[in-house]
Amino acid sequence: MHARPPDGPQGRRRARDDDGAALIEFTLISVLLFTLVFGIISFGLLLSFKQDMTRAAAEGARGGAVAFPATDALADASDATDEALNGFGQACGDDGMACEVELHDCDDSAPDLTNDPTKADCVSVTLRHDYGSSPIVPSLPVVSAFMPDELVATSVARVNS
């Protein structure tokens, strides 16, 4: 048989001292839990935004690739990129979004963007979002340290001749 704790003042004092322990433990754990949950939500929104950028770059490159006549490839690529960006509330030059549309030879061995009339042309669309100065979600103290400074999406397509 075990001895019962005394019912006197010493037994009651010990129970009173443990009353706040659960509250303090919950507070510490909930801060970590909410940081983790908001981090997951932030990264999910960031990945969704990056996917939208990739889709807009692909739409721009496709718009330039199917341009008729082929001399309109740059203008058509720019228009298709702008339209795709408008679909998710962005625009070139606004909110840290920069758009580059270039026409170049499809030969990957040439590092410079030249346009040789004897080689096939490719249209390249690159979107850059300066996430550091224009974040899409509010920054959290711990989570913001893991967010990128810049998001980049690039797509290249061969122009139909």
# chains A, B, ... in the order shown; residues from 1 in each chain; ligands from 1
>>> residues_around(residues="region 34-45 of chain A", least_positions_apart="2", cutoff="12 Å", atoms="only C-alpha atoms", output="list in words")
Phe26, Thr27, Leu28, Ile29, Ser30, Val31, Leu32, Leu47, Ser48, Phe49, Lys50, Gln51, Asp52, Pro135, Ile136, Val137, Pro138, Ser139, Leu140, Pro141, Val142, Val143, Ser144, Ala145, Phe146, Met147 and Pro148 of chain A
>>> select_by_dssp(residues="chain A", states="alpha helix (DSSP H)", output="VMD selection string")
chain A and resid 9 to 17 21 to 65 73 to 86
>>> closest_residue(among="A:Asp149, A:Asp95, A:Asp130, A:Asp121", to="Gly64 (chain A)", atoms="only C-alpha atoms")
A:Asp121
>>> closest_residue(among="A:Ala80, A:Val156, A:Val66, A:Ala56", to="His104 (chain A)", atoms="only C-alpha atoms")
A:Val156
>>> atom_distance(atom1="CA of Asp107 (chain A)", atom2="CA of Ala65 (chain A)")
15.7 Å
>>> atom_distance(atom1="CA of Thr126 (chain A)", atom2="CA of Pro69 (chain A)")
22.5 Å
>>> residues_around(residues="Gln90 (chain A)", least_positions_apart="6", cutoff="12 Å", atoms="only C-alpha atoms", output="PyMOL selection string")
chain A and resi 49+52-53+56+81-84+96-99+127-129+134+136
>>> residues_around(residues="Leu103 (chain A)", least_positions_apart="6", cutoff="7 Å", atoms="only C-alpha atoms", output="PyMOL selection string")
chain A and resi 74+121-124
>>> write_last_selection(atoms="N, CA and C atoms", output="compact mmCIF listing (two decimals), in the first residue's frame")
# COMPACT_ATOMS: atom_id res chain seq x y z
N LEU A 74 8.22 38.40 -81.68
CA LEU A 74 8.47 39.13 -80.43
C LEU A 74 7.21 39.81 -79.91
N ASP A 121 15.05 30.18 -85.76
CA ASP A 121 14.91 31.15 -84.68
C ASP A 121 14.13 30.55 -83.52
N CYS A 122 14.49 30.98 -82.33
CA CYS A 122 13.76 30.60 -81.11
C CYS A 122 13.37 31.88 -80.38
N VAL A 123 12.25 31.82 -79.73
CA VAL A 123 11.82 32.93 -78.88
C VAL A 123 11.98 32.47 -77.44
N SER A 124 12.57 33.34 -76.63
CA SER A 124 12.83 33.03 -75.23
C SER A 124 12.10 34.04 -74.35
>>> atom_distance(atom1="CA of Ala120 (chain A)", atom2="CA of Ala58 (chain A)")
18.8 Å
>>> closest_residue(among="A:Ala57, A:Ala22, A:Val101, A:Ala77", to="Val152 (chain A)", atoms="only C-alpha atoms")
A:Ala57
